[in-house]
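Peer 1: Supplied structure: query14.pdb, PDB, N, CA and C atoms.
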ATOM      1  N   MET B   1     -47.907 200.181 116.479  1.00  0.00           N
ATOM      2  CA  MET B   1     -48.982 199.328 116.934  1.00  0.00           C
ATOM      3  C   MET B   1     -50.297 199.827 116.324  1.00  0.00           C
ATOM      4  N   ARG B   2     -51.152 198.893 115.912  1.00  0.00           N
ATOM      5  CA  ARG B   2     -52.426 199.252 115.301  1.00  0.00           C
ATOM      6  C   ARG B   2     -53.564 199.207 116.316  1.00  0.00           C
ATOM      7  N   LYS B   3     -54.586 199.942 116.011  1.00  0.00           N
ATOM      8  CA  LYS B   3     -55.769 200.010 116.850  1.00  0.00           C
ATOM      9  C   LYS B   3     -56.790 198.967 116.374  1.00  0.00           C
ATOM     10  N   VAL B   4     -57.364 198.223 117.276  1.00  0.00           N
ATOM     11  CA  VAL B   4     -58.392 197.246 116.949  1.00  0.00           C
ATOM     12  C   VAL B   4     -59.742 197.841 117.321  1.00  0.00           C
ATOM     13  N   VAL B   5     -60.665 197.854 116.367  1.00  0.00           N
ATOM     14  CA  VAL B   5     -62.006 198.385 116.597  1.00  0.00           C
ATOM     15  C   VAL B   5     -63.006 197.257 116.398  1.00  0.00           C
ATOM     16  N   VAL B   6     -63.898 197.089 117.343  1.00  0.00           N
ATOM     17  CA  VAL B   6     -64.903 196.033 117.269  1.00  0.00           C
ATOM     18  C   VAL B   6     -66.284 196.665 117.285  1.00  0.00           C
ATOM     19  N   ALA B   7     -67.104 196.315 116.301  1.00  0.00           N
ATOM     20  CA  ALA B   7     -68.514 196.706 116.289  1.00  0.00           C
ATOM     21  C   ALA B   7     -69.298 195.445 116.616  1.00  0.00           C
ATOM     22  N   MET B   8     -69.957 195.442 117.745  1.00  0.00           N
ATOM     23  CA  MET B   8     -70.603 194.227 118.224  1.00  0.00           C
ATOM     24  C   MET B   8     -71.995 194.556 118.730  1.00  0.00           C
ATOM     25  N   PHE B   9     -72.931 193.680 118.476  1.00  0.00           N
ATOM     26  CA  PHE B   9     -74.247 193.868 119.059  1.00  0.00           C
ATOM     27  C   PHE B   9     -74.526 192.734 120.024  1.00  0.00           C
ATOM     28  N   LEU B  10     -75.248 193.069 121.062  1.00  0.00           N
ATOM     29  CA  LEU B  10     -75.559 192.107 122.109  1.00  0.00           C
ATOM     30  C   LEU B  10     -76.924 192.472 122.662  1.00  0.00           C
ATOM     31  N   SER B  11     -77.766 191.484 122.789  1.00  0.00           N
ATOM     32  CA  SER B  11     -79.075 191.769 123.366  1.00  0.00           C
ATOM     33  C   SER B  11     -79.167 191.125 124.747  1.00  0.00           C
ATOM     34  N   LEU B  12     -79.959 191.701 125.586  1.00  0.00           N
ATOM     35  CA  LEU B  12     -80.102 191.180 126.948  1.00  0.00           C
ATOM     36  C   LEU B  12     -80.854 189.855 126.981  1.00  0.00           C
ATOM     37  N   ASP B  13     -81.707 189.628 125.980  1.00  0.00           N
ATOM     38  CA  ASP B  13     -82.455 188.374 125.944  1.00  0.00           C
ATOM     39  C   ASP B  13     -81.782 187.293 125.098  1.00  0.00           C
ATOM     40  N   GLY B  14     -80.619 187.597 124.522  1.00  0.00           N
ATOM     41  CA  GLY B  14     -79.867 186.606 123.772  1.00  0.00           C
ATOM     42  C   GLY B  14     -80.243 186.478 122.308  1.00  0.00           C
ATOM     43  N   VAL B  15     -81.181 187.291 121.831  1.00  0.00           N
ATOM     44  CA  VAL B  15     -81.593 187.218 120.435  1.00  0.00           C
ATOM     45  C   VAL B  15     -80.601 187.982 119.568  1.00  0.00           C
ATOM     46  N   VAL B  16     -79.998 187.269 118.623  1.00  0.00           N
ATOM     47  CA  VAL B  16     -79.104 187.913 117.665  1.00  0.00           C
ATOM     48  C   VAL B  16     -79.519 187.562 116.245  1.00  0.00           C
ATOM     49  N   GLN B  17     -80.697 186.995 116.100  1.00  0.00           N
ATOM     50  CA  GLN B  17     -81.198 186.561 114.805  1.00  0.00           C
ATOM     51  C   GLN B  17     -81.716 187.748 114.004  1.00  0.00           C
ATOM     52  N   GLY B  18     -81.336 187.838 112.728  1.00  0.00           N
ATOM     53  CA  GLY B  18     -81.876 188.826 111.806  1.00  0.00           C
ATOM     54  C   GLY B  18     -81.649 190.273 112.183  1.00  0.00           C
ATOM     55  N   PRO B  19     -80.434 190.683 112.528  1.00  0.00           N
ATOM     56  CA  PRO B  19     -80.227 192.058 112.959  1.00  0.00           C
ATOM     57  C   PRO B  19     -80.243 193.094 111.830  1.00  0.00           C
ATOM     58  N   GLY B  20     -79.966 192.659 110.603  1.00  0.00           N
ATOM     59  CA  GLY B  20     -79.722 193.627 109.533  1.00  0.00           C
ATOM     60  C   GLY B  20     -80.911 194.101 108.739  1.00  0.00           C
ATOM     61  N   GLY B  21     -81.809 193.233 108.392  1.00  0.00           N
ATOM     62  CA  GLY B  21     -82.903 193.623 107.513  1.00  0.00           C
ATOM     63  C   GLY B  21     -84.233 193.094 107.993  1.00  0.00           C
ATOM     64  N   GLU B  22     -85.280 193.788 107.616  1.00  0.00           N
ATOM     65  CA  GLU B  22     -86.617 193.426 108.071  1.00  0.00           C
ATOM     66  C   GLU B  22     -87.016 192.013 107.639  1.00  0.00           C
ATOM     67  N   ASP B  23     -86.605 191.613 106.431  1.00  0.00           N
ATOM     68  CA  ASP B  23     -86.958 190.284 105.929  1.00  0.00           C
ATOM     69  C   ASP B  23     -85.826 189.270 106.069  1.00  0.00           C
ATOM     70  N   GLU B  24     -84.817 189.597 106.839  1.00  0.00           N
ATOM     71  CA  GLU B  24     -83.675 188.709 107.022  1.00  0.00           C
ATOM     72  C   GLU B  24     -84.002 187.590 108.014  1.00  0.00           C
ATOM     73  N   ASP B  25     -83.709 186.370 107.618  1.00  0.00           N
ATOM     74  CA  ASP B  25     -83.777 185.201 108.498  1.00  0.00           C
ATOM     75  C   ASP B  25     -85.114 185.071 109.227  1.00  0.00           C
ATOM     76  N   ARG B  26     -86.125 184.645 108.503  1.00  0.00           N
ATOM     77  CA  ARG B  26     -87.466 184.428 109.084  1.00  0.00           C
ATOM     78  C   ARG B  26     -87.633 183.018 109.644  1.00  0.00           C
ATOM     79  N   GLU B  27     -86.540 182.288 109.789  1.00  0.00           N
ATOM     80  CA  GLU B  27     -86.578 180.908 110.255  1.00  0.00           C
ATOM     81  C   GLU B  27     -87.266 180.794 111.613  1.00  0.00           C
ATOM     82  N   GLY B  28     -88.108 179.795 111.738  1.00  0.00           N
ATOM     83  CA  GLY B  28     -88.791 179.550 113.007  1.00  0.00           C
ATOM     84  C   GLY B  28     -89.866 180.571 113.334  1.00  0.00           C
ATOM     85  N   GLY B  29     -90.334 181.325 112.331  1.00  0.00           N
ATOM     86  CA  GLY B  29     -91.375 182.314 112.565  1.00  0.00           C
ATOM     87  C   GLY B  29     -90.883 183.612 113.188  1.00  0.00           C
ATOM     88  N   PHE B  30     -89.556 183.840 113.152  1.00  0.00           N
ATOM     89  CA  PHE B  30     -88.988 185.057 113.746  1.00  0.00           C
ATOM     90  C   PHE B  30     -89.508 186.297 113.023  1.00  0.00           C
ATOM     91  N   ALA B  31     -90.141 187.197 113.722  1.00  0.00           N
ATOM     92  CA  ALA B  31     -90.810 188.353 113.110  1.00  0.00           C
ATOM     93  C   ALA B  31     -90.157 189.688 113.447  1.00  0.00           C
ATOM     94  N   TYR B  32     -88.946 189.671 114.008  1.00  0.00           N
ATOM     95  CA  TYR B  32     -88.335 190.920 114.464  1.00  0.00           C
ATOM     96  C   TYR B  32     -87.061 191.265 113.719  1.00  0.00           C
ATOM     97  N   GLY B  33     -86.982 190.917 112.434  1.00  0.00           N
ATOM     98  CA  GLY B  33     -85.797 191.221 111.640  1.00  0.00           C
ATOM     99  C   GLY B  33     -85.545 192.725 111.566  1.00  0.00           C
ATOM    100  N   GLY B  34     -84.292 193.096 111.482  1.00  0.00           N
ATOM    101  CA  GLY B  34     -83.926 194.505 111.383  1.00  0.00           C
ATOM    102  C   GLY B  34     -83.930 195.254 112.700  1.00  0.00           C
ATOM    103  N   TRP B  35     -83.832 194.541 113.788  1.00  0.00           N
ATOM    104  CA  TRP B  35     -83.961 195.184 115.100  1.00  0.00           C
ATOM    105  C   TRP B  35     -82.802 196.108 115.449  1.00  0.00           C
ATOM    106  N   THR B  36     -81.658 196.013 114.752  1.00  0.00           N
ATOM    107  CA  THR B  36     -80.546 196.930 115.041  1.00  0.00           C
ATOM    108  C   THR B  36     -80.627 198.230 114.254  1.00  0.00           C
ATOM    109  N   VAL B  37     -81.407 198.250 113.182  1.00  0.00           N
ATOM    110  CA  VAL B  37     -81.455 199.405 112.273  1.00  0.00           C
ATOM    111  C   VAL B  37     -81.737 200.732 112.989  1.00  0.00           C
ATOM    112  N   PRO B  38     -82.672 200.813 113.922  1.00  0.00           N
ATOM    113  CA  PRO B  38     -82.929 202.098 114.583  1.00  0.00           C
ATOM    114  C   PRO B  38     -81.748 202.629 115.414  1.00  0.00           C
ATOM    115  N   TYR B  39     -80.779 201.779 115.703  1.00  0.00           N
ATOM    116  CA  TYR B  39     -79.673 202.174 116.569  1.00  0.00           C
ATOM    117  C   TYR B  39     -78.361 202.434 115.826  1.00  0.00           C
ATOM    118  N   VAL B  40     -78.366 202.293 114.498  1.00  0.00           N
ATOM    119  CA  VAL B  40     -77.152 202.494 113.701  1.00  0.00           C
ATOM    120  C   VAL B  40     -76.889 203.984 113.528  1.00  0.00           C
ATOM    121  N   ASP B  41     -75.654 204.390 113.786  1.00  0.00           N
ATOM    122  CA  ASP B  41     -75.251 205.779 113.574  1.00  0.00           C
ATOM    123  C   ASP B  41     -73.911 205.784 112.834  1.00  0.00           C
ATOM    124  N   ASP B  42     -73.332 206.943 112.638  1.00  0.00           N
ATOM    125  CA  ASP B  42     -72.073 207.050 111.883  1.00  0.00           C
ATOM    126  C   ASP B  42     -70.916 206.311 112.564  1.00  0.00           C
ATOM    127  N   GLU B  43     -70.904 206.234 113.877  1.00  0.00           N
ATOM    128  CA  GLU B  43     -69.835 205.531 114.570  1.00  0.00           C
ATOM    129  C   GLU B  43     -69.939 204.026 114.400  1.00  0.00           C
ATOM    130  N   PHE B  44     -71.149 203.518 114.270  1.00  0.00           N
ATOM    131  CA  PHE B  44     -71.378 202.083 114.124  1.00  0.00           C
ATOM    132  C   PHE B  44     -70.872 201.578 112.765  1.00  0.00           C
ATOM    133  N   ILE B  45     -71.028 202.403 111.756  1.00  0.00           N
ATOM    134  CA  ILE B  45     -70.652 201.999 110.384  1.00  0.00           C
ATOM    135  C   ILE B  45     -69.190 202.079 110.194  1.00  0.00           C
TER     136      ILE B  45
END
If you convert what's in this file into structure tokens, what do you get?
Peer 2:
Amino acid sequence: MRKVVVAMFLSLDGVVQGPGGEDEDREGGFAYGGWTVPYVDDEFI
């Protein structure tokens, strides 16, 4: 049997737009791109 590993992000306010890069997905004036970057560690990758 194989092990299933899930890396998932979830915000309490429901925002999942532009998690990866500062300039990612500026649609609708979204100014908070890259919000997951400060929380990435070796286990996340």
Peer 1: Selected by the PyMOL selection byres ((chain B and resi 13-21) around 5) in the shown coordinates: which residues, as a ChimeraX atom specification?
Peer 2: /B:11-12,22-24,33-36
Peer 1: Please produce a file of those selected residues containing N, CA and C atoms, as a JSON list (two decimals), in the frame of the given file.
Peer 2:
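Okay, part29.json is ready:
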[["chain", "number", "residue", "atom", "x", "y", "z"],
["B", 11, "SER", "N", -77.77, 191.48, 122.79],
["B", 11, "SER", "CA", -79.08, 191.77, 123.37],
["B", 11, "SER", "C", -79.17, 191.12, 124.75],
["B", 12, "LEU", "N", -79.96, 191.70, 125.59],
["B", 12, "LEU", "CA", -80.10, 191.18, 126.95],
["B", 12, "LEU", "C", -80.85, 189.86, 126.98],
["B", 22, "GLU", "N", -85.28, 193.79, 107.62],
["B", 22, "GLU", "CA", -86.62, 193.43, 108.07],
["B", 22, "GLU", "C", -87.02, 192.01, 107.64],
["B", 23, "ASP", "N", -86.60, 191.61, 106.43],
["B", 23, "ASP", "CA", -86.96, 190.28, 105.93],
["B", 23, "ASP", "C", -85.83, 189.27, 106.07],
["B", 24, "GLU", "N", -84.82, 189.60, 106.84],
["B", 24, "GLU", "CA", -83.68, 188.71, 107.02],
["B", 24, "GLU", "C", -84.00, 187.59, 108.01],
["B", 33, "GLY", "N", -86.98, 190.92, 112.43],
["B", 33, "GLY", "CA", -85.80, 191.22, 111.64],
["B", 33, "GLY", "C", -85.54, 192.72, 111.57],
["B", 34, "GLY", "N", -84.29, 193.10, 111.48],
["B", 34, "GLY", "CA", -83.93, 194.50, 111.38],
["B", 34, "GLY", "C", -83.93, 195.25, 112.70],
["B", 35, "TRP", "N", -83.83, 194.54, 113.79],
["B", 35, "TRP", "CA", -83.96, 195.18, 115.10],
["B", 35, "TRP", "C", -82.80, 196.11, 115.45],
["B", 36, "THR", "N", -81.66, 196.01, 114.75],
["B", 36, "THR", "CA", -80.55, 196.93, 115.04],
["B", 36, "THR", "C", -80.63, 198.23, 114.25]]
Peer 1: Could you tell me how far atom CA of Arg26 of chain B sits from atom CA of Val40 of chain B, in Å to one decimal place?
Peer 2: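 These atoms are spaced 21.3 Å apart.
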Peer 1: Could you please write out, as a PyMOL selection string, every residue of chain B that DSSP assigns to helix (DSSP H, G or I)?
Peer 2: chain B and resi 27-29+37-39
Peer 1: Segment 21-35 of chain B, all listed atoms, 3 Å padding on each side: what axis-aligned box centre and edge lengths in Å to one decimal come out, as lines of an AutoDock Vina configuration file?
Peer 2:
center_x = -86.6
center_y = 187.8
center_z = 110.7
size_x = 15.6
size_y = 22.6
size_z = 15.5
Peer 1: What is the distance, in Å and to one decimal place, between atom CA of Lys3 of chain B and atom CA of Asp42 of chain B?
Peer 2: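 Interatomic distance, atom CA of Lys3 of chain B to atom CA of Asp42 of chain B: 18.4 Å.
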Peer 1: Separation of atom CA of Pro38 of chain B and atom CA of Val4 of chain B, in Å?
Peer 2: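 Atom CA of Val4 of chain B lies 25.1 Å from atom CA of Pro38 of chain B.
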